2 protein chains.
Amino acid sequence: MENCKRIGKVITVAFVFLSISMLKAILFDMGSTLVIDIGLRKNFVEAMHKLLKNHINIDRAKIELLFDEWDHITYREGLEEYWDLFRSMILLKKLGLKPSPLLVEEVYETIVNVWVESYVFEEGVVRTVKELKNLGYQIGIISNTGSHDSVYREIKRAGLTHFIDVIITSQAVGWKKPSPKIFKITLDMIGVKPEQAVHVGDDPIADVEGAKKAGLWAVQKMKKGEKVSPYADAVVYKIVEIPKVLEELLRRHS
Amino acid sequence: MENCKRIGKVITVAFVFLSISMLKAILFDMGSTLVIDIGLRKNFVEAMHKLLKNHINIDRAKIELLFDEWDHITYREGLEEYWDLFRSMILLKKLGLKPSPLLVEEVYETIVNVWVESYVFEEGVVRTVKELKNLGYQIGIISNTGSHDSVYREIKRAGLTHFIDVIITSQAVGWKKPSPKIFKITLDMIGVKPEQAVHVGDDPIADVEGAKKAGLWAVQKMKKGEKVSPYADAVVYKIVEIPKVLEELLRRHS
């Protein structure tokens with residue numbers, strides 16, 4: 001019996017060592033992880049007010065209310081996601097406007113533009129991603145967003161297209177983090193096993209608990225006032241710390 | 001008892017009359033209803049072969065197989081829909097290629113272009129839609145498609161943007177016909193009750209049975225070799241017949 005336990009322990013340690021030494025992919029959340037918000041709410045309200053005042057008599061306060069509701073505008077429950085184009089229709093309807101094809105396109109374009117303008121890459125992110133890619137890791141993005149376009153445009157603008165192996169958004173696949181499905185889809189796409197991948201993100205539930213429960217290593221990007229998740233294998237305050245944290249993880253398990 | 005039956009019948013007739021006289025919206029399916037296929041399969045295989053041969057050694061037969069599988073490429077079951085961008089990723093993966101962001105965008109763009117080039121409006125459709133709009137009906141599109149963009153681009157190219165009140169695609173909302181949800185979403189968007197709307201489509205299950213079960217009037221656009229659905233309120237062979245068929249429906253129930 002004692003022998004069995006010891007063998008079990010040896011196997012576990014060997015497995016962890018094997019896993020971590022075979023670390024193949026680093027997956028990143030997008031919003032508040034790679035990119036930071038420099039005024040989304042303000043820009044959204046201003047742009048929508050400018051666009052919609054041609055159609056209805058509307059005050060900013062009403063648009064502010066709708067912005068706060070934006071992530072909750074969905075017919076579906078739980079871990080599924082809607083496309084921002086459909087959210088735009090629902091928003092127009094809530095404002096008492098008919099979601100005519102042209103107006104829907106205008107609202108959707110406005111929202112994507114606002115998103116792309118309002119998020120900028122945190123200092124050092126572009127350099128760090130290139131560094132990790134050059135170290136031989138596969139790099140992926142897993143983002144909860146209603147607009148895949150926005151994420152792609154951000155990546156393209158930063159010149160990172162050739163350094164990223166896969167972009168998976170909840171809009172594209174339907175499922176949101178913390179659903180294990182979105183992590184599984186991402187790993188399947190790049191042919192990597194969960195234990196060969198690290199996920200980095202700021203949301204304790206969606207990113208840290210979600211990744212861990214899907215079998216990946218989880219690194220929590222800390223934000224002001226947030227507690228360390230019990231699921232976090234490590235924490236960082238800035239993305240530039242990631243290569244060092246990966247080294248530490250490898251050392252800790254070797 | 002006999003009296004009750006008679007009263008019931010009178011109420012039913014009155015209700016039907018009221019409903020049909022309050023006909024407010026005509027909803028159309030897109031593919032094989034408003035637009036007809038002039039070479040999608042051939043164009044798809046050619047365009048994809050041209051694009052992918054720069055990346056892998058691939059023959060047309062393999063792409064043909066994938067094209068035939070295209071509508072079935074989905075992780076989800078039943079009446080839900082995926083976006084063609086995600087289908088493009090799955091297709092690349094099936095071909096043994098990594099779905100890198102740039103390649104995915106190229107494949108998706110190619111597929112949307114092929115779709116838009118391969119479907120043309122049936123003769124008289126543009127004129128008929130304008131005529132129905134001028135008669136005071138609200139006009140909607142409900143299309144089962146993985147690319148909302150394609151439908152919008154077709155409508156725009158035909159100069160119909162201002163004649164159509166709403167475009168609902170299964171990609172935008174997640175649900176596919178015959179799900180009653182997609183019909184309900186469409187009607188909610190334009191503020192019309194099911195009994196105030198007619199849906200016109202070629203698919204006996206998705207369009208005719210689906211619309212009828214969702215409480216709408218159903219007109220079947222006949223195609224070669226197809227039987228008349230027991231759910232059809234009327235049939236047409238060409239879209240130009242629609243105004244006449246609506247008159248007949250109104251007369252029959254008045």
# chains A, B, ... in the order shown; residues from 1 in each chain; ligands from 1
>>> interface_residues(of="chain B", to="chain A", cutoff="7 Å", atoms="only C-alpha atoms", output="JSON, numbers by chain")
{"B": [82, 83, 85, 86, 93, 98, 99, 100, 101, 102, 161, 165, 166, 167, 172, 173, 189, 190]}
>>> write_last_selection(atoms="C-alpha atoms", output="short mmCIF file (atom, residue, chain, number, x, y, z; two decimals), in the first residue's frame")
data_model
loop_
_atom_site.label_atom_id
_atom_site.label_comp_id
_atom_site.auth_asym_id
_atom_site.auth_seq_id
_atom_site.Cartn_x
_atom_site.Cartn_y
_atom_site.Cartn_z
CA TYR B 82 -21.90 28.74 -37.20
CA TRP B 83 -20.20 31.69 -38.78
CA LEU B 85 -15.18 32.37 -40.59
CA PHE B 86 -15.18 29.57 -38.03
CA LYS B 93 -7.77 22.07 -40.02
CA LYS B 98 -3.00 25.55 -39.32
CA PRO B 99 -5.78 28.14 -39.18
CA SER B 100 -3.44 31.11 -38.88
CA PRO B 101 -5.21 34.51 -38.64
CA LEU B 102 -4.13 35.73 -42.08
CA THR B 161 -31.26 48.44 -49.06
CA ASP B 165 -36.91 46.59 -43.31
CA VAL B 166 -34.88 43.85 -41.70
CA ILE B 167 -32.30 41.20 -42.57
CA ALA B 172 -26.34 36.82 -36.86
CA VAL B 173 -28.79 35.26 -34.41
CA MET B 189 -37.67 43.32 -34.77
CA ILE B 190 -40.36 44.79 -37.02
#
>>> calpha_fit_and_write(fixed="chain A", moving="chain B", output="PDB file with C-alpha atoms, in the first residue's frame")
ATOM      1  CA  MET B   1      -0.657   0.822   0.651  1.00  0.00           C
ATOM      2  CA  GLU B   2       2.134   3.241   1.584  1.00  0.00           C
ATOM      3  CA  ASN B   3       4.081   2.013  -1.471  1.00  0.00           C
ATOM      4  CA  CYS B   4       1.154   2.680  -3.727  1.00  0.00           C
ATOM      5  CA  LYS B   5       0.878   6.258  -2.438  1.00  0.00           C
ATOM      6  CA  ARG B   6       4.611   6.789  -3.071  1.00  0.00           C
ATOM      7  CA  ILE B   7       4.374   5.362  -6.593  1.00  0.00           C
ATOM      8  CA  GLY B   8       1.358   7.559  -7.205  1.00  0.00           C
ATOM      9  CA  LYS B   9       3.341  10.616  -6.098  1.00  0.00           C
ATOM     10  CA  VAL B  10       6.314   9.695  -8.292  1.00  0.00           C
ATOM     11  CA  ILE B  11       3.996   9.243 -11.266  1.00  0.00           C
ATOM     12  CA  THR B  12       2.328  12.595 -10.564  1.00  0.00           C
ATOM     13  CA  VAL B  13       5.663  14.437 -10.301  1.00  0.00           C
ATOM     14  CA  ALA B  14       6.957  12.733 -13.452  1.00  0.00           C
ATOM     15  CA  PHE B  15       3.756  13.658 -15.287  1.00  0.00           C
ATOM     16  CA  VAL B  16       3.920  17.280 -14.207  1.00  0.00           C
ATOM     17  CA  PHE B  17       7.591  17.456 -15.228  1.00  0.00           C
ATOM     18  CA  LEU B  18       6.823  15.876 -18.575  1.00  0.00           C
ATOM     19  CA  SER B  19       3.896  18.232 -19.099  1.00  0.00           C
ATOM     20  CA  ILE B  20       5.666  21.442 -18.246  1.00  0.00           C
ATOM     21  CA  SER B  21       8.800  20.511 -20.154  1.00  0.00           C
ATOM     22  CA  MET B  22       6.590  19.994 -23.153  1.00  0.00           C
ATOM     23  CA  LEU B  23       5.014  23.423 -22.912  1.00  0.00           C
ATOM     24  CA  LYS B  24       4.105  24.261 -26.477  1.00  0.00           C
ATOM     25  CA  ALA B  25       1.584  27.062 -26.510  1.00  0.00           C
ATOM     26  CA  ILE B  26       0.892  30.364 -24.745  1.00  0.00           C
ATOM     27  CA  LEU B  27      -2.679  31.577 -25.077  1.00  0.00           C
ATOM     28  CA  PHE B  28      -3.664  35.121 -24.224  1.00  0.00           C
ATOM     29  CA  ASP B  29      -6.906  36.814 -23.356  1.00  0.00           C
ATOM     30  CA  MET B  30      -7.285  40.136 -25.212  1.00  0.00           C
ATOM     31  CA  GLY B  31      -9.213  42.870 -23.290  1.00  0.00           C
ATOM     32  CA  SER B  32      -7.465  44.013 -20.065  1.00  0.00           C
ATOM     33  CA  THR B  33      -4.712  41.445 -20.729  1.00  0.00           C
ATOM     34  CA  LEU B  34      -2.891  42.337 -23.973  1.00  0.00           C
ATOM     35  CA  VAL B  35      -4.812  45.562 -24.584  1.00  0.00           C
ATOM     36  CA  ILE B  36      -5.998  48.142 -22.081  1.00  0.00           C
ATOM     37  CA  ASP B  37      -9.088  50.332 -22.128  1.00  0.00           C
ATOM     38  CA  ILE B  38      -8.303  54.010 -22.661  1.00  0.00           C
ATOM     39  CA  GLY B  39     -11.906  55.250 -22.832  1.00  0.00           C
ATOM     40  CA  LEU B  40     -14.330  52.714 -24.316  1.00  0.00           C
ATOM     41  CA  ARG B  41     -17.415  53.846 -22.383  1.00  0.00           C
ATOM     42  CA  LYS B  42     -16.922  57.546 -23.152  1.00  0.00           C
ATOM     43  CA  ASN B  43     -16.094  56.909 -26.810  1.00  0.00           C
ATOM     44  CA  PHE B  44     -19.037  54.524 -27.237  1.00  0.00           C
ATOM     45  CA  VAL B  45     -21.547  56.973 -25.791  1.00  0.00           C
ATOM     46  CA  GLU B  46     -20.188  59.894 -27.840  1.00  0.00           C
ATOM     47  CA  ALA B  47     -20.058  58.016 -31.143  1.00  0.00           C
ATOM     48  CA  MET B  48     -23.500  56.466 -30.721  1.00  0.00           C
ATOM     49  CA  HIS B  49     -25.042  59.779 -29.673  1.00  0.00           C
ATOM     50  CA  LYS B  50     -23.571  61.463 -32.753  1.00  0.00           C
ATOM     51  CA  LEU B  51     -24.912  58.711 -35.019  1.00  0.00           C
ATOM     52  CA  LEU B  52     -28.348  58.271 -33.475  1.00  0.00           C
ATOM     53  CA  LYS B  53     -29.301  61.921 -32.951  1.00  0.00           C
ATOM     54  CA  ASN B  54     -29.953  62.067 -36.716  1.00  0.00           C
ATOM     55  CA  HIS B  55     -32.667  59.464 -36.205  1.00  0.00           C
ATOM     56  CA  ILE B  56     -34.216  60.118 -32.799  1.00  0.00           C
ATOM     57  CA  ASN B  57     -34.301  62.609 -29.988  1.00  0.00           C
ATOM     58  CA  ILE B  58     -32.050  60.836 -27.525  1.00  0.00           C
ATOM     59  CA  ASP B  59     -29.922  61.848 -24.555  1.00  0.00           C
ATOM     60  CA  ARG B  60     -26.531  60.438 -23.584  1.00  0.00           C
ATOM     61  CA  ALA B  61     -27.885  59.011 -20.317  1.00  0.00           C
ATOM     62  CA  LYS B  62     -30.066  56.551 -22.255  1.00  0.00           C
ATOM     63  CA  ILE B  63     -27.093  55.412 -24.349  1.00  0.00           C
ATOM     64  CA  GLU B  64     -24.995  55.071 -21.180  1.00  0.00           C
ATOM     65  CA  LEU B  65     -27.637  52.747 -19.734  1.00  0.00           C
ATOM     66  CA  LEU B  66     -27.571  50.655 -22.900  1.00  0.00           C
ATOM     67  CA  PHE B  67     -23.773  50.546 -22.881  1.00  0.00           C
ATOM     68  CA  ASP B  68     -23.832  49.161 -19.340  1.00  0.00           C
ATOM     69  CA  GLU B  69     -26.309  46.546 -20.519  1.00  0.00           C
ATOM     70  CA  TRP B  70     -24.320  45.746 -23.692  1.00  0.00           C
ATOM     71  CA  ASP B  71     -22.684  42.524 -22.485  1.00  0.00           C
ATOM     72  CA  HIS B  72     -26.010  41.289 -21.169  1.00  0.00           C
ATOM     73  CA  ILE B  73     -27.929  41.955 -24.381  1.00  0.00           C
ATOM     74  CA  THR B  74     -28.497  38.416 -25.515  1.00  0.00           C
ATOM     75  CA  TYR B  75     -31.385  36.044 -25.916  1.00  0.00           C
ATOM     76  CA  ARG B  76     -29.187  33.209 -24.877  1.00  0.00           C
ATOM     77  CA  GLU B  77     -28.121  32.244 -21.432  1.00  0.00           C
ATOM     78  CA  GLY B  78     -24.846  31.244 -19.900  1.00  0.00           C
ATOM     79  CA  LEU B  79     -21.698  30.597 -21.801  1.00  0.00           C
ATOM     80  CA  GLU B  80     -22.790  31.432 -25.335  1.00  0.00           C
ATOM     81  CA  GLU B  81     -22.104  34.623 -27.254  1.00  0.00           C
ATOM     82  CA  TYR B  82     -23.855  36.841 -29.760  1.00  0.00           C
ATOM     83  CA  TRP B  83     -22.371  38.787 -32.614  1.00  0.00           C
ATOM     84  CA  ASP B  84     -22.224  42.555 -32.066  1.00  0.00           C
ATOM     85  CA  LEU B  85     -24.165  43.089 -35.306  1.00  0.00           C
ATOM     86  CA  PHE B  86     -27.128  41.331 -33.728  1.00  0.00           C
ATOM     87  CA  ARG B  87     -26.573  43.186 -30.446  1.00  0.00           C
ATOM     88  CA  SER B  88     -26.746  46.392 -32.515  1.00  0.00           C
ATOM     89  CA  MET B  89     -30.195  45.335 -33.767  1.00  0.00           C
ATOM     90  CA  ILE B  90     -31.400  44.649 -30.225  1.00  0.00           C
ATOM     91  CA  LEU B  91     -29.994  47.991 -29.069  1.00  0.00           C
ATOM     92  CA  LEU B  92     -31.812  49.882 -31.852  1.00  0.00           C
ATOM     93  CA  LYS B  93     -35.024  48.050 -31.008  1.00  0.00           C
ATOM     94  CA  LYS B  94     -34.638  48.985 -27.325  1.00  0.00           C
ATOM     95  CA  LEU B  95     -34.273  52.615 -28.366  1.00  0.00           C
ATOM     96  CA  GLY B  96     -37.525  52.353 -30.315  1.00  0.00           C
ATOM     97  CA  LEU B  97     -35.817  52.415 -33.710  1.00  0.00           C
ATOM     98  CA  LYS B  98     -36.359  49.888 -36.506  1.00  0.00           C
ATOM     99  CA  PRO B  99     -33.204  47.874 -37.181  1.00  0.00           C
ATOM    100  CA  SER B 100     -33.107  48.669 -40.896  1.00  0.00           C
ATOM    101  CA  PRO B 101     -30.164  47.071 -42.778  1.00  0.00           C
ATOM    102  CA  LEU B 102     -28.316  50.342 -43.411  1.00  0.00           C
ATOM    103  CA  LEU B 103     -28.695  51.659 -39.848  1.00  0.00           C
ATOM    104  CA  VAL B 104     -27.622  48.311 -38.374  1.00  0.00           C
ATOM    105  CA  GLU B 105     -24.460  48.367 -40.500  1.00  0.00           C
ATOM    106  CA  GLU B 106     -23.726  51.953 -39.413  1.00  0.00           C
ATOM    107  CA  VAL B 107     -24.185  51.135 -35.725  1.00  0.00           C
ATOM    108  CA  TYR B 108     -22.088  47.966 -36.005  1.00  0.00           C
ATOM    109  CA  GLU B 109     -19.274  49.743 -37.868  1.00  0.00           C
ATOM    110  CA  THR B 110     -19.325  52.519 -35.256  1.00  0.00           C
ATOM    111  CA  ILE B 111     -19.078  50.014 -32.420  1.00  0.00           C
ATOM    112  CA  VAL B 112     -16.167  48.120 -34.014  1.00  0.00           C
ATOM    113  CA  ASN B 113     -14.320  51.393 -34.686  1.00  0.00           C
ATOM    114  CA  VAL B 114     -14.882  52.576 -31.117  1.00  0.00           C
ATOM    115  CA  TRP B 115     -13.581  49.277 -29.736  1.00  0.00           C
ATOM    116  CA  VAL B 116     -10.438  49.357 -31.892  1.00  0.00           C
ATOM    117  CA  GLU B 117      -9.744  53.017 -31.011  1.00  0.00           C
ATOM    118  CA  SER B 118     -10.404  52.560 -27.299  1.00  0.00           C
ATOM    119  CA  TYR B 119      -8.066  49.649 -26.622  1.00  0.00           C
ATOM    120  CA  VAL B 120      -4.302  49.981 -26.953  1.00  0.00           C
ATOM    121  CA  PHE B 121      -1.593  47.377 -26.432  1.00  0.00           C
ATOM    122  CA  GLU B 122      -0.028  47.545 -22.986  1.00  0.00           C
ATOM    123  CA  GLU B 123       3.611  48.629 -23.060  1.00  0.00           C
ATOM    124  CA  GLY B 124       5.958  45.837 -24.075  1.00  0.00           C
ATOM    125  CA  VAL B 125       3.235  43.446 -25.282  1.00  0.00           C
ATOM    126  CA  VAL B 126       4.267  43.464 -28.940  1.00  0.00           C
ATOM    127  CA  ARG B 127       7.918  42.835 -28.044  1.00  0.00           C
ATOM    128  CA  THR B 128       6.992  40.083 -25.547  1.00  0.00           C
ATOM    129  CA  VAL B 129       4.751  38.235 -28.003  1.00  0.00           C
ATOM    130  CA  LYS B 130       7.517  38.296 -30.638  1.00  0.00           C
ATOM    131  CA  GLU B 131      10.039  37.086 -28.034  1.00  0.00           C
ATOM    132  CA  LEU B 132       7.788  34.155 -27.031  1.00  0.00           C
ATOM    133  CA  LYS B 133       7.238  33.251 -30.685  1.00  0.00           C
ATOM    134  CA  ASN B 134      10.996  33.269 -31.252  1.00  0.00           C
ATOM    135  CA  LEU B 135      11.403  30.952 -28.258  1.00  0.00           C
ATOM    136  CA  GLY B 136       9.384  28.424 -30.258  1.00  0.00           C
ATOM    137  CA  TYR B 137       5.996  28.670 -28.553  1.00  0.00           C
ATOM    138  CA  GLN B 138       2.758  28.712 -30.489  1.00  0.00           C
ATOM    139  CA  ILE B 139       0.831  31.861 -29.652  1.00  0.00           C
ATOM    140  CA  GLY B 140      -2.961  32.032 -29.503  1.00  0.00           C
ATOM    141  CA  ILE B 141      -5.641  34.561 -28.623  1.00  0.00           C
ATOM    142  CA  ILE B 142      -8.849  33.502 -26.845  1.00  0.00           C
ATOM    143  CA  SER B 143     -11.143  36.473 -26.442  1.00  0.00           C
ATOM    144  CA  ASN B 144     -14.687  36.841 -25.143  1.00  0.00           C
ATOM    145  CA  THR B 145     -16.039  39.378 -27.579  1.00  0.00           C
ATOM    146  CA  GLY B 146     -19.000  39.967 -29.850  1.00  0.00           C
ATOM    147  CA  SER B 147     -16.669  41.165 -32.612  1.00  0.00           C
ATOM    148  CA  HIS B 148     -13.947  38.917 -34.020  1.00  0.00           C
ATOM    149  CA  ASP B 149     -13.190  41.715 -36.515  1.00  0.00           C
ATOM    150  CA  SER B 150     -12.118  44.031 -33.701  1.00  0.00           C
ATOM    151  CA  VAL B 151      -9.580  41.554 -32.351  1.00  0.00           C
ATOM    152  CA  TYR B 152      -8.197  40.831 -35.818  1.00  0.00           C
ATOM    153  CA  ARG B 153      -7.898  44.537 -36.608  1.00  0.00           C
ATOM    154  CA  GLU B 154      -6.008  45.174 -33.328  1.00  0.00           C
ATOM    155  CA  ILE B 155      -3.582  42.320 -34.049  1.00  0.00           C
ATOM    156  CA  LYS B 156      -3.040  43.518 -37.611  1.00  0.00           C
ATOM    157  CA  ARG B 157      -2.461  47.134 -36.574  1.00  0.00           C
ATOM    158  CA  ALA B 158       0.193  46.033 -34.085  1.00  0.00           C
ATOM    159  CA  GLY B 159       1.991  44.078 -36.838  1.00  0.00           C
ATOM    160  CA  LEU B 160       1.466  40.823 -34.935  1.00  0.00           C
ATOM    161  CA  THR B 161      -0.386  38.828 -37.622  1.00  0.00           C
ATOM    162  CA  HIS B 162       2.612  36.615 -38.407  1.00  0.00           C
ATOM    163  CA  PHE B 163       3.452  36.036 -34.744  1.00  0.00           C
ATOM    164  CA  ILE B 164       0.072  34.641 -33.761  1.00  0.00           C
ATOM    165  CA  ASP B 165      -0.965  31.108 -34.710  1.00  0.00           C
ATOM    166  CA  VAL B 166      -4.665  31.288 -33.981  1.00  0.00           C
ATOM    167  CA  ILE B 167      -7.340  33.779 -32.957  1.00  0.00           C
ATOM    168  CA  ILE B 168     -10.416  32.270 -31.344  1.00  0.00           C
ATOM    169  CA  THR B 169     -13.220  34.590 -30.277  1.00  0.00           C
ATOM    170  CA  SER B 170     -16.494  33.736 -28.611  1.00  0.00           C
ATOM    171  CA  GLN B 171     -18.255  35.418 -31.534  1.00  0.00           C
ATOM    172  CA  ALA B 172     -16.596  33.112 -34.062  1.00  0.00           C
ATOM    173  CA  VAL B 173     -17.267  29.884 -32.178  1.00  0.00           C
ATOM    174  CA  GLY B 174     -20.385  30.742 -30.157  1.00  0.00           C
ATOM    175  CA  TRP B 175     -18.973  29.685 -26.785  1.00  0.00           C
ATOM    176  CA  LYS B 176     -17.559  32.026 -24.126  1.00  0.00           C
ATOM    177  CA  LYS B 177     -14.856  31.440 -21.539  1.00  0.00           C
ATOM    178  CA  PRO B 178     -15.030  29.849 -18.919  1.00  0.00           C
ATOM    179  CA  SER B 179     -16.705  27.186 -21.108  1.00  0.00           C
ATOM    180  CA  PRO B 180     -14.160  24.369 -21.594  1.00  0.00           C
ATOM    181  CA  LYS B 181     -15.426  24.151 -25.189  1.00  0.00           C
ATOM    182  CA  ILE B 182     -13.717  27.369 -26.295  1.00  0.00           C
ATOM    183  CA  PHE B 183     -10.397  26.217 -24.795  1.00  0.00           C
ATOM    184  CA  LYS B 184     -10.780  22.793 -26.438  1.00  0.00           C
ATOM    185  CA  ILE B 185     -11.560  24.348 -29.853  1.00  0.00           C
ATOM    186  CA  THR B 186      -8.460  26.564 -29.608  1.00  0.00           C
ATOM    187  CA  LEU B 187      -6.148  23.687 -28.651  1.00  0.00           C
ATOM    188  CA  ASP B 188      -7.596  21.434 -31.386  1.00  0.00           C
ATOM    189  CA  MET B 189      -6.881  24.138 -33.950  1.00  0.00           C
ATOM    190  CA  ILE B 190      -3.166  24.227 -33.126  1.00  0.00           C
ATOM    191  CA  GLY B 191      -2.794  20.541 -32.244  1.00  0.00           C
ATOM    192  CA  VAL B 192      -1.746  21.076 -28.619  1.00  0.00           C
ATOM    193  CA  LYS B 193      -2.866  19.164 -25.526  1.00  0.00           C
ATOM    194  CA  PRO B 194      -4.301  21.119 -22.548  1.00  0.00           C
ATOM    195  CA  GLU B 195      -1.310  20.288 -20.303  1.00  0.00           C
ATOM    196  CA  GLN B 196       1.030  21.667 -22.987  1.00  0.00           C
ATOM    197  CA  ALA B 197      -0.590  25.105 -22.874  1.00  0.00           C
ATOM    198  CA  VAL B 198      -0.625  28.144 -20.590  1.00  0.00           C
ATOM    199  CA  HIS B 199      -3.500  30.606 -20.653  1.00  0.00           C
ATOM    200  CA  VAL B 200      -2.900  34.181 -19.502  1.00  0.00           C
ATOM    201  CA  GLY B 201      -5.864  36.361 -18.584  1.00  0.00           C
ATOM    202  CA  ASP B 202      -7.222  38.877 -16.103  1.00  0.00           C
ATOM    203  CA  ASP B 203     -10.663  37.457 -15.339  1.00  0.00           C
ATOM    204  CA  PRO B 204     -10.526  35.107 -12.309  1.00  0.00           C
ATOM    205  CA  ILE B 205     -13.519  33.083 -13.518  1.00  0.00           C
ATOM    206  CA  ALA B 206     -13.417  33.232 -17.337  1.00  0.00           C
ATOM    207  CA  ASP B 207      -9.649  33.066 -17.722  1.00  0.00           C
ATOM    208  CA  VAL B 208      -8.085  31.516 -14.627  1.00  0.00           C
ATOM    209  CA  GLU B 209     -10.699  29.077 -13.342  1.00  0.00           C
ATOM    210  CA  GLY B 210     -11.840  28.392 -16.929  1.00  0.00           C
ATOM    211  CA  ALA B 211      -8.353  27.525 -18.193  1.00  0.00           C
ATOM    212  CA  LYS B 212      -7.516  25.418 -15.140  1.00  0.00           C
ATOM    213  CA  LYS B 213     -10.752  23.430 -15.372  1.00  0.00           C
ATOM    214  CA  ALA B 214     -10.051  22.843 -19.070  1.00  0.00           C
ATOM    215  CA  GLY B 215      -6.694  21.323 -18.049  1.00  0.00           C
ATOM    216  CA  LEU B 216      -4.383  24.207 -19.019  1.00  0.00           C
ATOM    217  CA  TRP B 217      -1.877  26.082 -16.886  1.00  0.00           C
ATOM    218  CA  ALA B 218      -3.325  29.387 -15.740  1.00  0.00           C
ATOM    219  CA  VAL B 219      -1.503  32.690 -15.258  1.00  0.00           C
ATOM    220  CA  GLN B 220      -3.533  35.506 -13.750  1.00  0.00           C
ATOM    221  CA  LYS B 221      -2.875  39.028 -14.998  1.00  0.00           C
ATOM    222  CA  MET B 222      -3.582  41.038 -11.846  1.00  0.00           C
ATOM    223  CA  LYS B 223      -5.713  44.146 -11.945  1.00  0.00           C
ATOM    224  CA  LYS B 224      -6.388  46.708  -9.251  1.00  0.00           C
ATOM    225  CA  GLY B 225      -8.581  45.414  -6.435  1.00  0.00           C
ATOM    226  CA  GLU B 226      -8.685  41.857  -7.776  1.00  0.00           C
ATOM    227  CA  LYS B 227      -7.830  38.900  -5.529  1.00  0.00           C
ATOM    228  CA  VAL B 228      -5.519  36.100  -6.616  1.00  0.00           C
ATOM    229  CA  SER B 229      -7.627  33.178  -7.814  1.00  0.00           C
ATOM    230  CA  PRO B 230      -7.055  29.862  -6.003  1.00  0.00           C
ATOM    231  CA  TYR B 231      -6.788  28.369  -9.516  1.00  0.00           C
ATOM    232  CA  ALA B 232      -3.801  30.524 -10.561  1.00  0.00           C
ATOM    233  CA  ASP B 233      -0.483  28.723 -11.150  1.00  0.00           C
ATOM    234  CA  ALA B 234       1.237  32.111 -11.210  1.00  0.00           C
ATOM    235  CA  VAL B 235       0.427  35.817 -11.394  1.00  0.00           C
ATOM    236  CA  VAL B 236       1.820  38.742 -13.404  1.00  0.00           C
ATOM    237  CA  TYR B 237       1.217  42.471 -13.153  1.00  0.00           C
ATOM    238  CA  LYS B 238       2.484  43.234 -16.646  1.00  0.00           C
ATOM    239  CA  ILE B 239       2.665  41.048 -19.772  1.00  0.00           C
ATOM    240  CA  VAL B 240       6.417  41.707 -20.059  1.00  0.00           C
ATOM    241  CA  GLU B 241       6.847  39.462 -16.988  1.00  0.00           C
ATOM    242  CA  ILE B 242       5.505  36.398 -18.858  1.00  0.00           C
ATOM    243  CA  PRO B 243       8.811  34.931 -20.139  1.00  0.00           C
ATOM    244  CA  LYS B 244      10.274  35.097 -16.611  1.00  0.00           C
ATOM    245  CA  VAL B 245       7.151  33.528 -15.084  1.00  0.00           C
ATOM    246  CA  LEU B 246       7.265  30.686 -17.615  1.00  0.00           C
ATOM    247  CA  GLU B 247      10.893  30.009 -16.641  1.00  0.00           C
ATOM    248  CA  GLU B 248       9.864  29.935 -12.965  1.00  0.00           C
ATOM    249  CA  LEU B 249       7.007  27.517 -13.702  1.00  0.00           C
ATOM    250  CA  LEU B 250       9.399  25.251 -15.597  1.00  0.00           C
ATOM    251  CA  ARG B 251      11.984  25.413 -12.753  1.00  0.00           C
ATOM    252  CA  ARG B 252       9.378  24.814 -10.049  1.00  0.00           C
ATOM    253  CA  HIS B 253       8.259  21.605 -11.749  1.00  0.00           C
ATOM    254  CA  SER B 254      11.649  20.254 -12.823  1.00  0.00           C
TER     255      SER B 254
END
>>> select_by_dssp(residues="range 137-222 of chain B", states="strand (DSSP E or B)", output="list in words")
Gln138, Ile139, Gly140, Ile141, Ile142, Ser143, Val166, Ile167, Ile168, Thr169, Trp175, Ala197, Val198, His199, Val200, Gly201, Trp217, Ala218, Val219, Gln220 and Lys221 of chain B
>>> select_by_dssp(residues="range 5-250 of chain A", states="alpha helix (DSSP H)", output="ChimeraX atom specification")
/A:5-21,40-52,60-69,84-94,101-118,125-134,148-157,170-173,180-190,210-213,242-250
